[in-house]
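*Asks:* Here you go, this is structure.cif (mmCIF, C-alpha atoms).
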data_input
loop_
_atom_site.label_atom_id
_atom_site.label_comp_id
_atom_site.auth_asym_id
_atom_site.auth_seq_id
_atom_site.Cartn_x
_atom_site.Cartn_y
_atom_site.Cartn_z
CA GLU A 1 -21.77 8.00 6.89
CA THR A 2 -18.29 6.64 7.52
CA TRP A 3 -17.45 3.04 8.28
CA SER A 4 -14.21 1.89 9.82
CA GLY A 5 -15.05 -1.75 9.31
CA THR A 6 -14.82 -3.74 6.10
CA ALA A 7 -17.60 -5.16 3.98
CA TYR A 8 -17.62 -7.48 1.01
CA PHE A 9 -20.11 -8.62 -1.62
CA SER A 10 -20.74 -12.34 -1.90
CA PRO A 11 -21.93 -14.35 -4.92
CA HIS A 12 -25.25 -14.68 -3.06
CA SER A 13 -25.87 -10.92 -3.38
CA GLN A 14 -25.61 -10.17 0.31
CA TRP A 15 -23.43 -7.65 2.08
CA LYS A 16 -21.76 -8.73 5.27
CA LYS A 17 -19.96 -6.43 7.66
CA VAL A 18 -16.66 -7.91 8.79
CA GLU A 19 -16.25 -7.59 12.54
CA VAL A 20 -12.74 -6.55 13.49
CA SER A 21 -10.87 -5.97 16.71
CA GLU A 22 -11.46 -2.55 18.26
CA ALA A 23 -7.88 -2.55 19.57
CA THR A 24 -6.12 -1.97 16.27
CA LYS A 25 -7.86 -0.46 13.28
CA PRO A 26 -7.53 2.67 11.13
CA PRO A 27 -9.23 5.87 12.26
CA GLN A 28 -12.47 6.59 10.39
CA ARG A 29 -11.92 8.49 7.14
CA LEU A 30 -13.09 9.23 3.61
CA GLY A 31 -11.31 9.92 0.33
CA HIS A 32 -8.81 7.10 0.94
CA THR A 33 -7.97 4.28 -1.46
CA ALA A 34 -8.07 0.49 -1.11
CA VAL A 35 -6.29 -2.10 -3.26
CA LEU A 36 -5.85 -5.85 -3.15
CA LEU A 37 -2.28 -6.98 -2.54
CA SER A 38 -3.35 -10.63 -2.80
CA ALA A 39 -6.54 -12.65 -2.57
CA GLN A 40 -6.37 -12.46 1.23
CA ARG A 41 -4.80 -9.06 1.85
CA MET A 42 -5.90 -5.48 1.25
CA ALA A 43 -4.11 -2.16 1.78
CA ILE A 44 -5.52 1.32 2.37
CA PHE A 45 -3.69 4.63 2.20
CA GLY A 46 -4.46 8.24 3.09
CA GLY A 47 -7.83 9.92 3.37
CA GLU A 48 -9.42 12.73 5.31
CA ARG A 49 -11.62 13.22 8.37
CA ASN A 50 -12.86 16.57 9.67
CA THR A 51 -10.10 18.47 7.79
CA HIS A 52 -7.40 16.15 9.20
CA LEU A 53 -5.51 14.37 6.43
CA PHE A 54 -3.73 11.01 6.68
CA ASN A 55 -0.66 9.51 5.04
CA ASP A 56 -0.72 6.28 7.01
CA LEU A 57 -0.67 2.82 5.45
CA TRP A 58 -2.70 -0.12 6.75
CA THR A 59 -3.19 -3.71 5.61
CA PHE A 60 -6.19 -5.93 6.30
CA SER A 61 -6.14 -9.74 6.37
CA PHE A 62 -9.32 -11.42 5.15
CA GLU A 63 -8.12 -14.64 6.79
CA THR A 64 -7.80 -13.23 10.32
CA SER A 65 -10.07 -10.16 9.96
CA GLN A 66 -7.31 -8.04 11.47
CA TRP A 67 -5.84 -4.66 10.58
CA THR A 68 -2.10 -3.97 10.74
CA SER A 69 -0.50 -0.54 10.78
CA VAL A 70 2.49 -0.71 8.41
CA ALA A 71 5.69 0.66 9.94
CA VAL A 72 7.56 2.75 7.38
CA ARG A 73 11.33 2.59 7.39
CA GLU A 74 12.84 6.06 7.57
CA ARG A 75 16.03 6.92 5.75
CA ALA A 76 19.06 8.26 7.57
CA CYS A 77 19.88 11.91 6.96
CA PRO A 78 23.04 13.89 7.86
CA ASN A 79 21.29 15.47 10.85
CA GLY A 80 19.56 12.30 12.05
CA VAL A 81 16.46 10.46 10.81
CA CYS A 82 14.14 12.23 8.42
CA GLY A 83 10.88 11.18 6.87
CA PHE A 84 10.69 10.04 3.28
CA ARG A 85 7.09 9.33 2.43
CA PRO A 86 4.17 10.86 0.53
CA SER A 87 2.50 13.87 2.10
CA ALA A 88 -0.96 13.41 3.62
CA ARG A 89 -3.70 13.48 0.97
CA TYR A 90 -7.13 12.35 -0.14
CA ASP A 91 -8.95 11.75 -3.44
CA HIS A 92 -5.78 10.25 -4.93
CA ILE A 93 -5.50 6.97 -6.87
CA SER A 94 -3.77 3.75 -5.84
CA PHE A 95 -2.81 0.62 -7.73
CA VAL A 96 -0.50 -2.38 -7.42
CA HIS A 97 2.39 -3.31 -9.70
CA ASN A 98 4.95 -6.06 -9.01
CA SER A 99 3.58 -6.41 -5.46
CA GLU A 100 4.25 -2.73 -4.70
CA LEU A 101 1.59 -0.16 -3.86
CA TYR A 102 1.58 2.99 -6.04
CA ILE A 103 -0.22 6.26 -5.36
CA HIS A 104 -0.64 9.34 -7.57
CA GLY A 105 -2.08 12.81 -7.12
CA GLY A 106 -4.81 13.86 -4.72
CA LEU A 107 -5.46 16.93 -2.58
CA SER A 108 -3.18 18.20 0.18
CA SER A 109 -4.19 19.77 3.50
CA ALA A 110 -3.65 23.20 1.96
CA GLY A 111 -5.95 22.37 -0.95
CA GLU A 112 -3.02 21.92 -3.35
CA VAL A 113 -3.68 19.61 -6.29
CA LEU A 114 -0.88 17.05 -6.28
CA GLY A 115 0.86 15.30 -9.16
CA ASP A 116 3.53 13.15 -7.50
CA LEU A 117 3.93 9.39 -7.91
CA TRP A 118 5.12 7.09 -5.11
CA SER A 119 5.51 3.36 -4.58
CA PHE A 120 5.78 1.35 -1.37
CA ASP A 121 7.95 -1.78 -1.16
CA PHE A 122 6.41 -4.10 1.45
CA ASN A 123 9.62 -6.15 1.67
CA ALA A 124 11.84 -3.16 2.50
CA ASN A 125 9.02 -1.14 4.13
CA GLU A 126 10.17 1.91 2.18
CA TRP A 127 8.52 4.54 0.00
CA ARG A 128 10.13 5.68 -3.26
CA SER A 129 9.20 8.63 -5.46
CA HIS A 130 9.17 8.34 -9.26
CA GLU A 131 9.64 10.86 -12.06
CA LEU A 132 9.49 8.30 -14.92
CA ASN A 133 12.35 10.05 -16.71
CA GLY A 134 10.24 13.18 -17.06
CA ALA A 135 7.17 11.37 -18.42
CA LEU A 136 5.24 11.91 -15.19
CA SER A 137 4.63 15.57 -16.04
CA LEU A 138 2.23 14.51 -18.81
CA LEU A 139 -0.21 13.19 -16.20
CA GLY A 140 -0.26 16.60 -14.56
CA HIS A 141 -1.73 17.42 -11.17
CA ARG A 142 -5.18 16.02 -10.48
CA PHE A 143 -7.51 14.50 -7.92
CA GLY A 144 -10.69 12.44 -8.12
CA HIS A 145 -9.34 10.56 -11.15
CA SER A 146 -9.51 6.79 -11.65
CA VAL A 147 -7.18 3.99 -12.64
CA THR A 148 -7.62 0.44 -13.88
CA GLU A 149 -5.19 -2.10 -15.35
CA ILE A 150 -5.18 -4.34 -18.41
CA GLY A 151 -2.14 -6.36 -19.47
CA GLY A 152 0.27 -4.48 -17.24
CA ILE A 153 -0.82 -1.06 -18.56
CA PHE A 154 -2.58 1.32 -16.16
CA TYR A 155 -5.33 3.44 -17.70
CA ILE A 156 -5.98 6.74 -15.93
CA PHE A 157 -9.10 8.76 -16.67
CA GLY A 158 -10.50 12.17 -15.80
CA GLY A 159 -10.27 13.91 -12.46
CA TYR A 160 -10.09 17.53 -11.39
CA SER A 161 -7.00 19.48 -12.44
CA HIS A 162 -5.92 23.11 -12.28
CA ALA A 163 -8.09 23.62 -15.38
CA GLY A 164 -11.18 22.09 -13.74
CA THR A 165 -12.86 18.77 -14.50
CA THR A 166 -11.30 16.79 -17.34
CA ASN A 167 -11.90 13.79 -19.56
CA ASP A 168 -8.16 13.25 -20.06
CA PHE A 169 -7.21 9.65 -20.77
CA PHE A 170 -3.73 8.19 -20.29
CA ALA A 171 -1.87 4.88 -20.50
CA LEU A 172 0.86 4.43 -17.90
CA ASP A 173 3.54 1.79 -18.54
CA LEU A 174 5.73 1.47 -15.45
CA GLU A 175 8.12 -1.02 -17.04
CA ALA A 176 8.88 1.36 -19.89
CA GLU A 177 8.53 4.41 -17.61
CA SER A 178 6.24 6.00 -20.16
CA VAL A 179 2.96 7.92 -20.16
CA THR A 180 0.86 8.13 -23.34
CA LYS A 181 -2.11 10.46 -23.77
CA LEU A 182 -4.87 8.52 -25.49
CA ASN A 183 -7.75 9.75 -27.59
CA SER A 184 -10.79 10.46 -25.48
CA THR A 185 -14.13 11.59 -26.90
CA SER A 186 -15.97 14.84 -26.37
CA ALA A 187 -19.12 12.78 -25.83
CA ILE A 188 -17.81 11.77 -22.39
CA GLN A 189 -18.50 14.72 -20.14
CA PRO A 190 -15.49 15.72 -18.00
CA ARG A 191 -15.82 14.34 -14.48
CA PHE A 192 -14.16 13.55 -11.18
CA ALA A 193 -14.96 11.23 -8.24
CA HIS A 194 -16.07 8.53 -10.68
CA SER A 195 -15.17 4.83 -10.72
CA SER A 196 -13.47 2.68 -13.31
CA PHE A 197 -12.94 -1.04 -13.73
CA SER A 198 -11.75 -3.44 -16.41
CA ASP A 199 -13.08 -6.64 -17.91
CA SER A 200 -10.99 -8.63 -20.37
CA ASP A 201 -9.91 -6.00 -22.94
CA SER A 202 -12.35 -3.22 -22.01
CA ILE A 203 -12.33 -0.33 -19.54
CA TYR A 204 -15.53 1.01 -17.98
CA ILE A 205 -16.16 4.49 -16.54
CA SER A 206 -19.12 4.96 -14.22
CA GLY A 207 -20.70 7.91 -12.43
CA GLY A 208 -18.83 10.84 -10.94
CA ASN A 209 -19.43 14.57 -10.53
CA ASP A 210 -19.38 17.36 -13.10
CA GLU A 211 -17.86 20.85 -12.74
CA ASP A 212 -20.86 22.00 -10.65
CA ASN A 213 -20.73 18.90 -8.41
CA ASN A 214 -23.83 17.39 -9.98
CA HIS A 215 -23.93 13.60 -9.85
CA MET A 216 -23.63 11.86 -13.22
CA ASN A 217 -25.07 8.62 -14.52
CA GLY A 218 -24.36 6.23 -17.37
CA LEU A 219 -21.63 3.75 -18.14
CA TRP A 220 -18.91 4.27 -20.75
CA LYS A 221 -16.82 1.50 -22.28
CA TYR A 222 -13.42 1.74 -23.99
CA SER A 223 -12.09 -1.15 -26.05
CA THR A 224 -8.30 -1.41 -25.85
CA VAL A 225 -8.42 -3.53 -29.01
CA ASP A 226 -10.60 -1.31 -31.23
CA LYS A 227 -9.59 1.95 -29.49
CA VAL A 228 -13.26 2.96 -29.53
CA TRP A 229 -15.57 4.41 -26.85
CA SER A 230 -19.22 3.39 -26.52
CA THR A 231 -21.91 4.10 -23.93
CA THR A 232 -24.55 2.13 -22.07
CA GLN A 233 -27.17 3.93 -20.01
CA ILE A 234 -28.10 2.26 -16.73
CA GLY A 235 -31.50 3.62 -15.79
CA ASN A 236 -31.20 6.55 -13.41
CA SER A 237 -28.22 5.21 -11.51
CA GLN A 238 -25.78 7.77 -10.16
CA SER A 239 -22.59 7.29 -8.21
CA CYS A 240 -19.62 9.22 -6.89
CA GLU A 241 -16.93 8.98 -4.23
CA HIS A 242 -16.96 5.19 -3.80
CA PHE A 243 -14.51 2.43 -4.43
CA ALA A 244 -14.40 -1.34 -4.66
CA VAL A 245 -11.66 -3.92 -5.01
CA PRO A 246 -12.24 -6.92 -7.32
CA ALA A 247 -11.92 -10.46 -6.07
CA LYS A 248 -8.97 -12.42 -7.40
#
Since I need it in another form, could you write the structure as structure tokens?
*Replies:*
Amino acid sequence: ETWSGTAYFSPHSQWKKVEVSEATKPPQRLGHTAVLLSAQRMAIFGGERNTHLFNDLWTFSFETSQWTSVAVRERACPNGVCGFRPSARYDHISFVHNSELYIHGGLSSAGEVLGDLWSFDFNANEWRSHELNGALSLLGHRFGHSVTEIGGIFYIFGGYSHAGTTNDFFALDLEAESVTKLNSTSAIQPRFAHSSFSDSDSIYISGGNDEDNNHMNGLWKYSTVDKVWSTTQIGNSQSCEHFAVPAK
């Protein structure tokens, strides 16, 4: 099912649906992304509903429980005003760096696997595209991948590319405008629609789908210090196509 409201998990292990105004809120969707801009503010981008794709940007205030549609400043063109923003997409990744929202990859309305990188400046209300001095091409085109951050480095894992499911593993350094392909391990089955998160100096990969769309279980851990992968099985748990934003 699809929810257009917002829910959070409390330290008391109880979910609570956040009631919001019906007047202004995003249309229902799936395959979008959500990131924390601050402890009290979240942003969502993109997604899909009944074959209609979105490239809208919304913010949600946890203080007021209100959604805001973000107006994007358009750039002037010789023949008038033209759009300069990412195309509509779903199953992309999003992350925040220096208070700006970044998105990468995803699927287009024509089923094209995307590989572009964009950032949104909330002060200027403008989107910018990035090529990273040619380094972006190393990431390739993919959707259903994951991203998590440690020490200012964004670690991108897996996803579905033109070659099918992958267990590719990259480190993205936006300050240096560099992308480094890291050593993965053949023990980690290629996957997409999984989740990843970080804790101290470790990255965790959970769930996802394989090439045949079978749900996967288990939890993998990568130490950024030892550069070693290890695995922890979690019963019969399986997960795919979900997201969560950590509390700050």
*Asks:* Return as CSV the residues of segment 6-85 of chain A lying at most 8 Å from segment 93-113 of chain A, together with the closest atom-to-atom pair for each and the distance in Å to one decimal, counting all atoms listed in the file, with rows in chain order and ascending residue number.
*Replies:*
residue,atom,partner,partner_atom,distance
A:Thr33,CA,A:Ser94,CA,6.1
A:Ala34,CA,A:Ser94,CA,7.2
A:Val35,CA,A:Phe95,CA,6.3
A:Leu36,CA,A:Val96,CA,7.7
A:Leu37,CA,A:Ser99,CA,6.6
A:Thr51,CA,A:Ser109,CA,7.4
A:His52,CA,A:Ser109,CA,7.5
A:Leu53,CA,A:Ser109,CA,6.3
*Asks:* Of the residues A:Ile156, A:Leu138, A:Ala163, A:Ile150, which is the one nearest to Ser178 of chain A, using all atoms listed in the file?
*Replies:*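 Once distances to Ser178 of chain A are computed over all atoms listed in the file, the minimum belongs to A:Leu138.
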*Asks:* Taking into account all atoms listed in the file, which residue in the set A:Ala23, A:Lys181, A:His32, A:Asn123 is nearest to Ala71 of chain A?
*Replies:*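 Of the candidates, the smallest distance to Ala71 of chain A is held by A:Asn123.
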*Asks:* Please evaluate the PyMOL selection byres ((chain A and resi 139) around 8) against the displayed coordinates and give the resulting residues as a compact mmCIF listing (two decimals) with C-alpha atoms, keeping the file's coordinate frame.
*Replies:*
# COMPACT_ATOMS: atom_id res chain seq x y z
CA GLY A 115 0.86 15.30 -9.16
CA ALA A 135 7.17 11.37 -18.42
CA LEU A 136 5.24 11.91 -15.19
CA SER A 137 4.63 15.57 -16.04
CA LEU A 138 2.23 14.51 -18.81
CA GLY A 140 -0.26 16.60 -14.56
CA HIS A 141 -1.73 17.42 -11.17
CA PHE A 170 -3.73 8.19 -20.29
CA VAL A 179 2.96 7.92 -20.16
*Asks:* Which residue gives the smallest distance to Gly134 of chain A among A:Gly152, A:Gly164, A:Val225, A:Glu177, with only C-alpha atoms counted?
*Replies:* A:Glu177
*Asks:* Could you check how far atom CA of Tyr90 of chain A sits from atom CA of Tyr160 of chain A, in Å to one decimal?
*Replies:*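 According to the coordinates, atom CA of Tyr90 of chain A and atom CA of Tyr160 of chain A are separated by 12.7 Å.
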*Asks:* Pull out every residue that the PyMOL selection byres ((chain A and resi 26) around 10) matches in the shown coordinates and put them as a PyMOL selection string.
*Replies:* chain A and resi 4-5+22-25+27-29+44-45+56-60+67-69
*Asks:* Could you list, as a ChimeraX atom specification, every residue matched by the PyMOL selection byres ((chain A and resi 147) around 10) in this structure?
*Replies:* /A:93-95,104,145-146,148-149,154-158,169-172,195-198,203,205
*Asks:* Which residue, A:Ile188, A:Ala39, A:Val72, A:Leu182, has the smallest gap to Glu126 of chain A when you use all atoms listed in the file?
*Replies:*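 Between A:Ile188, A:Ala39, A:Val72, A:Leu182, the residue approaching Glu126 of chain A most closely is A:Val72.
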*Asks:* Do you have the atom CA of Pro190 of chain A-atom CA of Arg142 of chain A distance handy?
*Replies:*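 Distance reported for this atom pair: 12.8 Å.
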*Asks:* To one decimal in Å, tell me the separation between atom CA of Gly159 of chain A and atom CA of Asn133 of chain A.
*Replies:*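 Straight-line distance from atom CA of Gly159 of chain A to atom CA of Asn133 of chain A works out to 23.3 Å.
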*Asks:* Compile the contact shell of Tyr222 of chain A as a VMD selection string: residues with an atom at most 7 Å away, counting all atoms listed in the file, same-chain residues fewer than 5 positions apart removed.
*Replies:* chain A and resid 202 to 204 227 to 230
*Asks:* For each of A:Asp91, A:Glu175, A:Glu131, A:Asp168, take the minimum atom-to-atom distance to Ala193 of chain A, counting all atoms listed in the file, then give the residue where this is smallest.
*Replies:*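 Among the listed residues, A:Asp91 lies closest to Ala193 of chain A.
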